[in-house]
file structure_18.tsv (TSV, C-alpha atoms)
chain	number	residue	atom	x	y	z
J	1	MET	CA	86.44	79.84	119.68
J	2	SER	CA	90.13	80.57	120.33
J	3	ALA	CA	91.73	80.04	123.74
J	4	SER	CA	92.24	83.81	124.17
J	5	ARG	CA	88.58	84.56	123.42
J	6	THR	CA	87.46	81.80	125.76
J	7	SER	CA	89.69	83.20	128.50
J	8	GLY	CA	88.36	86.71	127.88
J	9	ALA	CA	84.75	85.54	128.11
J	10	ALA	CA	85.52	83.69	131.35
J	11	ILE	CA	87.12	86.79	132.85
J	12	ALA	CA	84.14	88.94	131.82
J	13	LEU	CA	81.72	86.52	133.52
J	14	LEU	CA	83.94	86.37	136.61
J	15	LEU	CA	84.11	90.16	136.90
J	16	ALA	CA	80.37	90.55	136.36
J	17	TRP	CA	79.65	87.98	139.09
J	18	ALA	CA	82.09	89.64	141.51
J	19	GLY	CA	80.60	93.07	140.86
J	20	ALA	CA	77.04	91.83	141.39
J	21	SER	CA	78.08	90.07	144.60
J	22	ALA	CA	79.62	93.27	145.98
J	23	GLN	CA	76.53	95.32	145.10
J	24	ALA	CA	74.34	92.74	146.87
J	25	ARG	CA	76.39	93.36	150.02
J	26	GLY	CA	75.84	97.12	149.71
J	27	VAL	CA	79.50	98.00	149.10
J	28	VAL	CA	81.41	99.44	146.15
J	29	GLU	CA	84.10	96.95	145.12
J	30	PRO	CA	84.94	97.36	141.41
J	31	VAL	CA	86.81	94.36	140.02
J	32	VAL	CA	89.73	94.21	137.58
J	33	PRO	CA	91.39	91.17	135.97
J	34	VAL	CA	94.72	89.64	136.91
J	35	PRO	CA	96.90	89.30	133.77
J	36	SER	CA	98.74	86.23	132.54
J	37	SER	CA	102.35	85.71	133.58
J	38	GLY	CA	104.56	88.29	131.86
J	39	ASN	CA	101.67	90.59	131.02
J	40	VAL	CA	99.69	93.62	132.17
J	41	ALA	CA	96.03	94.55	132.76
J	42	VAL	CA	94.68	98.10	132.91
J	43	ALA	CA	91.30	99.49	133.99
J	44	ARG	CA	89.59	102.87	134.10
J	45	LEU	CA	86.74	103.91	136.39
J	46	VAL	CA	85.07	107.18	137.36
J	47	LEU	CA	84.02	107.84	140.95
J	48	GLN	CA	81.68	110.41	142.49
J	49	ALA	CA	82.49	112.00	145.85
J	50	PRO	CA	79.88	111.93	148.63
J	51	ALA	CA	77.57	114.94	148.66
J	52	GLY	CA	78.94	117.79	150.77
J	53	SER	CA	82.45	116.33	151.04
J	54	ALA	CA	85.67	118.20	150.32
J	55	ALA	CA	86.04	116.07	147.17
J	56	THR	CA	89.72	115.30	147.46
J	57	ALA	CA	91.07	112.39	145.45
J	58	PRO	CA	89.90	109.06	146.94
J	59	ARG	CA	92.50	106.51	147.96
J	60	LEU	CA	91.86	103.08	146.50
J	61	ALA	CA	92.95	99.79	148.06
J	62	ILE	CA	92.87	96.09	147.18
J	63	ALA	CA	90.28	93.99	148.97
J	64	SER	CA	91.52	90.63	147.66
J	65	ARG	CA	95.33	90.56	147.89
J	66	SER	CA	95.48	86.75	147.98
J	67	ARG	CA	94.25	86.56	144.38
J	68	LEU	CA	97.41	88.28	143.08
J	69	PRO	CA	100.46	86.01	142.52
J	70	ALA	CA	103.48	86.80	144.67
J	71	GLU	CA	105.45	88.39	141.81
J	72	GLY	CA	102.57	90.70	140.82
J	73	TYR	CA	101.65	94.19	141.95
J	74	ALA	CA	99.02	96.85	141.29
J	75	VAL	CA	99.28	100.64	141.05
J	76	ALA	CA	96.74	103.41	140.58
J	77	THR	CA	96.55	107.05	139.55
J	78	VAL	CA	93.54	109.20	140.47
J	79	GLY	CA	92.82	112.65	139.05
J	80	ARG	CA	89.96	115.06	138.41
J	81	ALA	CA	87.33	114.08	135.86
J	82	THR	CA	84.64	116.09	134.08
J	83	GLY	CA	81.87	116.99	136.49
J	84	PRO	CA	81.84	118.34	140.06
J	85	GLY	CA	83.24	115.93	142.62
J	86	ARG	CA	84.23	113.35	140.02
J	87	PHE	CA	87.57	111.58	139.75
J	88	ALA	CA	88.97	109.23	137.10
J	89	ALA	CA	91.11	106.34	138.33
J	90	THR	CA	93.48	104.21	136.29
J	91	VAL	CA	94.50	100.87	137.79
J	92	ALA	CA	97.37	98.81	136.32
J	93	VAL	CA	98.11	95.23	137.38
J	94	VAL	CA	101.56	93.87	136.40
J	95	ARG	CA	102.91	90.30	136.48
J	96	PRO	CA	106.61	90.12	135.53
J	97	ALA	CA	107.53	87.21	133.28
J	98	SER	CA	108.23	83.89	134.96
J	99	ALA	CA	108.79	80.38	133.60
J	100	THR	CA	105.29	80.49	132.08
J	101	SER	CA	105.47	81.06	128.33
J	102	PRO	CA	103.64	84.05	126.79
J	103	GLY	CA	100.17	83.09	125.70
J	104	THR	CA	99.84	80.06	128.00
J	105	PRO	CA	96.19	79.82	129.16
J	106	GLU	CA	95.71	80.28	132.90
J	107	PRO	CA	92.72	80.14	135.26
J	108	SER	CA	90.79	83.43	135.31
J	109	ARG	CA	91.43	85.62	138.33
J	110	SER	CA	90.30	89.06	139.44
J	111	LEU	CA	91.06	91.66	142.09
J	112	SER	CA	88.44	93.60	144.03
J	113	LEU	CA	89.13	97.28	144.64
J	114	ARG	CA	88.12	98.91	147.90
J	115	VAL	CA	86.61	102.38	147.47
J	116	PRO	CA	86.22	104.79	150.47
J	117	ALA	CA	82.83	104.76	152.13
J	118	GLY	CA	80.26	107.05	150.55
J	119	TRP	CA	81.89	107.16	147.12
J	120	ARG	CA	79.77	106.11	144.15
J	121	LEU	CA	80.86	104.35	140.96
J	122	VAL	CA	79.78	106.51	138.00
J	123	SER	CA	81.21	104.40	135.19
J	124	GLY	CA	83.41	101.36	134.70
J	125	PRO	CA	85.54	99.70	135.44
J	126	HIS	CA	86.36	99.51	131.75
J	127	TRP	CA	89.30	97.13	131.45
J	128	VAL	CA	91.63	95.44	128.99
J	129	ASN	CA	93.59	92.35	129.99
J	130	ASP	CA	96.95	91.08	128.66
J	131	VAL	CA	97.72	94.33	126.85
J	132	LEU	CA	101.35	93.46	126.02
J	133	TYR	CA	100.39	91.61	122.85
J	134	VAL	CA	97.38	91.96	120.50
J	135	ASN	CA	94.48	93.01	122.73
J	136	ARG	CA	90.97	94.29	122.11
J	137	ARG	CA	90.73	98.04	121.68
J	138	PRO	CA	90.08	99.86	124.98
J	139	THR	CA	87.12	102.21	125.35
J	140	PHE	CA	89.26	104.75	127.21
J	141	GLY	CA	92.12	107.00	126.17
J	142	LEU	CA	95.47	107.92	127.67
J	143	LEU	CA	95.21	109.75	130.99
J	144	ARG	CA	98.29	111.06	132.77
J	145	GLY	CA	98.75	112.88	136.06
J	146	GLY	CA	96.83	112.62	139.31
J	147	ALA	CA	97.78	111.14	142.66
J	148	ALA	CA	99.74	107.90	142.21
J	149	SER	CA	100.00	105.05	144.68
J	150	VAL	CA	100.99	101.38	144.98
J	151	LEU	CA	97.90	99.35	145.87
J	152	THR	CA	99.59	96.05	146.61
J	153	GLY	CA	102.77	94.07	145.95
J	154	GLN	CA	106.37	95.18	145.50
J	155	LYS	CA	106.74	97.62	142.60
J	156	PRO	CA	110.25	97.97	141.07
J	157	ALA	CA	112.05	100.89	142.72
J	158	ALA	CA	113.32	102.13	139.34
J	159	LEU	CA	109.84	103.17	138.13
J	160	PRO	CA	107.34	105.44	139.91
J	161	ALA	CA	103.74	104.27	140.09
J	162	ALA	CA	102.66	107.00	137.66
J	163	ALA	CA	105.07	105.68	135.02
J	164	VAL	CA	103.78	102.11	135.45
J	165	ALA	CA	100.18	103.30	134.99
J	166	ALA	CA	101.15	105.34	131.91
J	167	ASP	CA	103.04	102.40	130.37
J	168	ALA	CA	100.06	100.08	130.89
J	169	GLN	CA	97.78	102.53	129.07
J	170	LEU	CA	100.23	102.97	126.19
J	171	LEU	CA	100.48	99.21	125.71
J	172	ALA	CA	96.68	98.90	125.70
J	173	LEU	CA	96.53	101.66	123.06
J	174	ASP	CA	99.06	99.86	120.82
J	175	ARG	CA	101.86	102.31	121.58
J	176	SER	CA	105.48	101.53	122.31
J	177	ILE	CA	106.96	102.09	125.77
J	178	PRO	CA	110.62	102.87	126.57
J	179	MET	CA	112.79	99.76	126.35
J	180	SER	CA	114.30	100.55	129.75
J	181	HIS	CA	110.78	100.49	131.27
J	182	ALA	CA	109.94	97.15	129.67
J	183	ARG	CA	113.10	95.60	131.13
J	184	VAL	CA	112.35	96.93	134.62
J	185	LEU	CA	108.75	95.68	134.38
J	186	GLY	CA	110.04	92.20	133.52
J	187	LEU	CA	108.24	91.94	130.17
J	188	GLN	CA	109.15	89.76	127.19
J	189	TYR	CA	108.55	92.36	124.56
J	190	VAL	CA	109.45	93.53	121.07
J	191	SER	CA	109.25	97.32	120.98
J	192	VAL	CA	108.55	99.10	117.69
J	193	ALA	CA	108.48	102.91	117.55
J	194	PHE	CA	107.67	104.70	114.29
J	195	THR	CA	108.91	108.10	113.12
J	196	LYS	CA	107.44	109.58	109.95
J	197	ARG	CA	109.84	111.04	107.43
J	198	SER	CA	109.14	112.88	104.18
J	199	GLY	CA	106.81	111.40	101.58
J	200	THR	CA	106.51	107.62	101.79
J	201	ALA	CA	109.51	107.09	104.09
J	202	LEU	CA	109.05	105.75	107.61
J	203	THR	CA	111.61	104.92	110.31
J	204	ALA	CA	110.92	101.85	112.46
J	205	THR	CA	113.09	101.45	115.57
J	206	ILE	CA	112.93	98.01	117.17
J	207	GLY	CA	114.26	96.74	120.48
J	208	LEU	CA	113.89	93.61	122.59
J	209	SER	CA	113.26	93.16	126.30
J	210	GLY	CA	113.60	89.77	128.00
J	211	LEU	CA	114.23	88.02	124.66
J	212	THR	CA	117.81	86.95	123.95
J	213	GLN	CA	117.58	84.61	120.94
J	214	VAL	CA	115.52	86.60	118.42
J	215	ASN	CA	117.17	86.92	115.01
J	216	ALA	CA	114.24	88.09	112.86
J	217	VAL	CA	111.32	90.50	113.34
J	218	GLU	CA	108.44	90.89	110.88
J	219	LEU	CA	106.43	94.09	110.40
J	220	ARG	CA	103.17	93.57	108.48
J	221	PHE	CA	101.33	96.68	107.26
J	222	PRO	CA	97.62	96.90	106.33
J	223	THR	CA	96.47	95.33	103.08
J	224	GLY	CA	97.09	97.75	100.23
J	225	VAL	CA	100.38	99.07	101.62
J	226	THR	CA	103.47	97.66	99.94
J	227	VAL	CA	106.93	97.84	101.50
J	228	LYS	CA	109.10	98.80	98.51
J	229	GLY	CA	112.49	99.22	100.18
J	230	VAL	CA	114.36	98.93	103.48
J	231	GLU	CA	117.70	100.17	104.83
J	232	GLY	CA	119.07	99.16	108.21
J	233	PRO	CA	122.19	99.29	110.37
J	234	ALA	CA	125.29	97.23	109.65
J	235	GLY	CA	124.82	93.53	110.38
J	236	THR	CA	121.15	93.51	109.37
J	237	GLU	CA	119.17	92.99	106.20
J	238	GLY	CA	115.56	93.25	105.09
J	239	LEU	CA	113.41	90.78	103.17
J	240	LEU	CA	110.49	92.39	101.30
J	241	LEU	CA	107.23	90.40	101.31
J	242	GLY	CA	104.54	92.59	99.76
J	243	ASN	CA	102.85	94.44	102.63
J	244	ALA	CA	105.41	92.99	105.09
J	245	VAL	CA	109.13	93.20	105.70
J	246	GLN	CA	111.27	90.81	107.70
J	247	LEU	CA	114.15	92.52	109.51
J	248	ILE	CA	116.96	90.01	109.96
J	249	SER	CA	120.16	89.97	111.99
J	250	SER	CA	122.94	88.80	109.66
J	251	GLY	CA	125.03	87.72	112.63
J	252	ARG	CA	123.52	85.67	115.41
J	253	THR	CA	120.74	87.59	117.15
J	254	PHE	CA	119.48	91.07	117.90
J	255	ARG	CA	120.99	92.20	121.21
J	256	GLU	CA	118.51	92.45	124.04
J	257	GLY	CA	118.19	96.06	125.21
J	258	ALA	CA	119.74	97.55	122.04
J	259	LEU	CA	117.82	99.70	119.52
J	260	TYR	CA	117.93	99.14	115.75
J	261	SER	CA	116.53	101.74	113.32
J	262	PHE	CA	115.34	100.81	109.83
J	263	THR	CA	114.16	103.20	107.10
J	264	LEU	CA	111.23	101.80	105.14
J	265	GLN	CA	109.93	102.98	101.77
J	266	LEU	CA	106.18	102.41	101.44
J	267	SER	CA	103.87	102.52	98.44
J	268	ARG	CA	101.93	105.40	100.02
J	269	PRO	CA	102.52	107.85	102.85
J	270	PRO	CA	101.82	106.15	106.20
J	271	ALA	CA	98.59	107.15	107.96
J	272	ARG	CA	98.40	107.81	111.68
J	273	THR	CA	95.80	105.07	112.03
J	274	ASP	CA	97.78	102.38	110.20
J	275	ALA	CA	98.21	99.35	112.47
J	276	VAL	CA	101.32	97.20	112.04
J	277	THR	CA	101.35	93.58	113.22
J	278	VAL	CA	104.68	92.40	114.66
J	279	ARG	CA	105.99	88.83	114.91
J	280	ALA	CA	109.39	87.63	116.08
J	281	SER	CA	111.37	84.44	115.49
J	282	GLU	CA	114.38	82.69	116.95
J	283	HIS	CA	114.93	80.62	113.78
J	284	TYR	CA	114.55	83.03	110.83
J	285	PHE	CA	110.83	82.27	110.63
J	286	GLU	CA	111.13	78.52	110.51
J	287	GLY	CA	108.98	79.07	113.59
J	288	VAL	CA	107.73	82.12	115.49
J	289	LEU	CA	107.42	83.10	119.13
J	290	PRO	CA	103.99	82.28	120.61
J	291	PHE	CA	102.70	85.84	120.51
J	292	SER	CA	102.21	88.72	118.11
J	293	GLU	CA	102.00	92.44	118.80
J	294	ARG	CA	100.32	95.44	117.20
J	295	PHE	CA	101.46	99.05	116.99
J	296	VAL	CA	99.89	102.10	115.39
J	297	VAL	CA	102.07	104.31	113.21
J	298	GLY	CA	100.78	107.68	114.46

call {"tool": "encode", "arguments": {"input": "structure_18.tsv", "output": "structure tokens"}}
result
Amino acid sequence: MSASRTSGAAIALLLAWAGASAQARGVVEPVVPVPSSGNVAVARLVLQAPAGSAATAPRLAIASRSRLPAEGYAVATVGRATGPGRFAATVAVVRPASATSPGTPEPSRSLSLRVPAGWRLVSGPHWVNDVLYVNRRPTFGLLRGGAASVLTGQKPAALPAAAVAADAQLLALDRSIPMSHARVLGLQYVSVAFTKRSGTALTATIGLSGLTQVNAVELRFPTGVTVKGVEGPAGTEGLLLGNAVQLISSGRTFREGALYSFTLQLSRPPARTDAVTVRASEHYFEGVLPFSERFVVG
């Protein structure tokens, strides 16, 4: 079993134990994971208001602040859900990058959420940990809006809590987030945003956050899709490798924070559900960075 799967299994057992312990004490304390350094966790839960209450959005809190590293923070958004007196909450836990390399195994940790007295947990928490890179598919979809709040820690002033929660969901759903957001969140990240053009043409716009030495980025399409051509900005070139293309800086490196758009010609029109695996290298693929990412085209 891989280290990532082992870590995921350990977190699942830890969260199950914590949830059972809280239920045994007669309280509602849903638990969510703490991500690795330089990564993000996101969870979704649905709560039911007490019978006869005004059913305004509940205010969540953290019951276990000491489990979150000093650089981390958690935010939440809470909005109406289907059903009378029900509210859906999204919780995002962020740990800006530190000296710890991406992908380095760490001890499993979790946070307990404090729910107002009388509220009942209808479903969840459904969670995905370490969503910045290739993560398991979440069981929930994108949910925007609702009352936003900072649960614990010092959130960057440049981003509202609602934007942090939205970015966490987008990353979990294999979507790109704005490069400016990634930099504020302190993430080491290769962003890839796709724009469909006519026929078999597709534009891929890449950008880097927190990575200053990358000189090559690989996009690998599903088996059966061939990359037949590539055009990029001055100072770049493309190497065609069947269903993959390596986008290379002809100078030294891609500039961190800058955006580079490439037009790709594929063997068939891209589908909305096509998933593209992304790798990056600081040595023209003599070696690769210790993480890969995944983005959907649509």

call {"tool": "atom_distance", "arguments": {"input": "structure_18.tsv", "atom1": "atom CA of J:Ile248", "atom2": "atom CA of J:Ala280"}}
result
10.0 Å

call {"tool": "residues_around", "arguments": {"input": "structure_18.tsv", "residues": "stretch 282-294 of chain J", "least_positions_apart": "2", "cutoff": "10 Å", "atoms": "all atoms listed in the file", "output": "PyMOL selection string"}}
result
chain J and resi 101-104+131-135+171-176+189-192+211-220+246-249+252-254+275-280+296-297

call {"tool": "residues_around", "arguments": {"input": "structure_18.tsv", "residues": "J:Leu60", "least_positions_apart": "4", "cutoff": "9 Å", "atoms": "only C-alpha atoms", "output": "PyMOL selection string"}}
result
chain J and resi 76+78+89+113-116+149+151

call {"tool": "closest_residue", "arguments": {"input": "structure_18.tsv", "among": "J:Pro69, J:Pro35, J:Gly251, J:Gly79", "to": "J:Thr56", "atoms": "all atoms listed in the file"}}
result
J:Gly79

call {"tool": "residues_around", "arguments": {"input": "structure_18.tsv", "residues": "J:Leu264", "least_positions_apart": "4", "cutoff": "6 Å", "atoms": "all atoms listed in the file", "output": "PDB file with C-alpha atoms, in the coordinates of the input"}}
result
ATOM      1  CA  ALA J 201     109.510 107.090 104.090  1.00  0.00           C
ATOM      2  CA  LEU J 202     109.050 105.750 107.610  1.00  0.00           C
ATOM      3  CA  GLY J 229     112.490  99.220 100.180  1.00  0.00           C
ATOM      4  CA  VAL J 230     114.360  98.930 103.480  1.00  0.00           C
TER       5      VAL J 230
END

call {"tool": "atom_distance", "arguments": {"input": "structure_18.tsv", "atom1": "atom CA of J:Arg95", "atom2": "atom CA of J:Val40"}}
result
6.3 Å

call {"tool": "atom_distance", "arguments": {"input": "structure_18.tsv", "atom1": "atom CA of J:Arg137", "atom2": "atom CA of J:Gly124"}}
result
15.3 Å

call {"tool": "closest_residue", "arguments": {"input": "structure_18.tsv", "among": "J:Ser180, J:Gln265, J:Asn129, J:Gln48", "to": "J:Arg109", "atoms": "all atoms listed in the file"}}
result
J:Asn129

call {"tool": "closest_residue", "arguments": {"input": "structure_18.tsv", "among": "J:Val32, J:Val128, J:Val227, J:Ala258", "to": "J:Pro178", "atoms": "only C-alpha atoms"}}
result
J:Ala258

call {"tool": "closest_residue", "arguments": {"input": "structure_18.tsv", "among": "J:Pro269, J:Ala88, J:Gly207, J:Tyr73", "to": "J:Pro156", "atoms": "only C-alpha atoms"}}
result
J:Tyr73

call {"tool": "residues_around", "arguments": {"input": "structure_18.tsv", "residues": "J:Gly38", "least_positions_apart": "5", "cutoff": "7 Å", "atoms": "all atoms listed in the file", "output": "list in words"}}
result
Arg95, Pro96, Ala97, Ser98, Pro102, Gly186, Leu187 and Gln188 of chain J
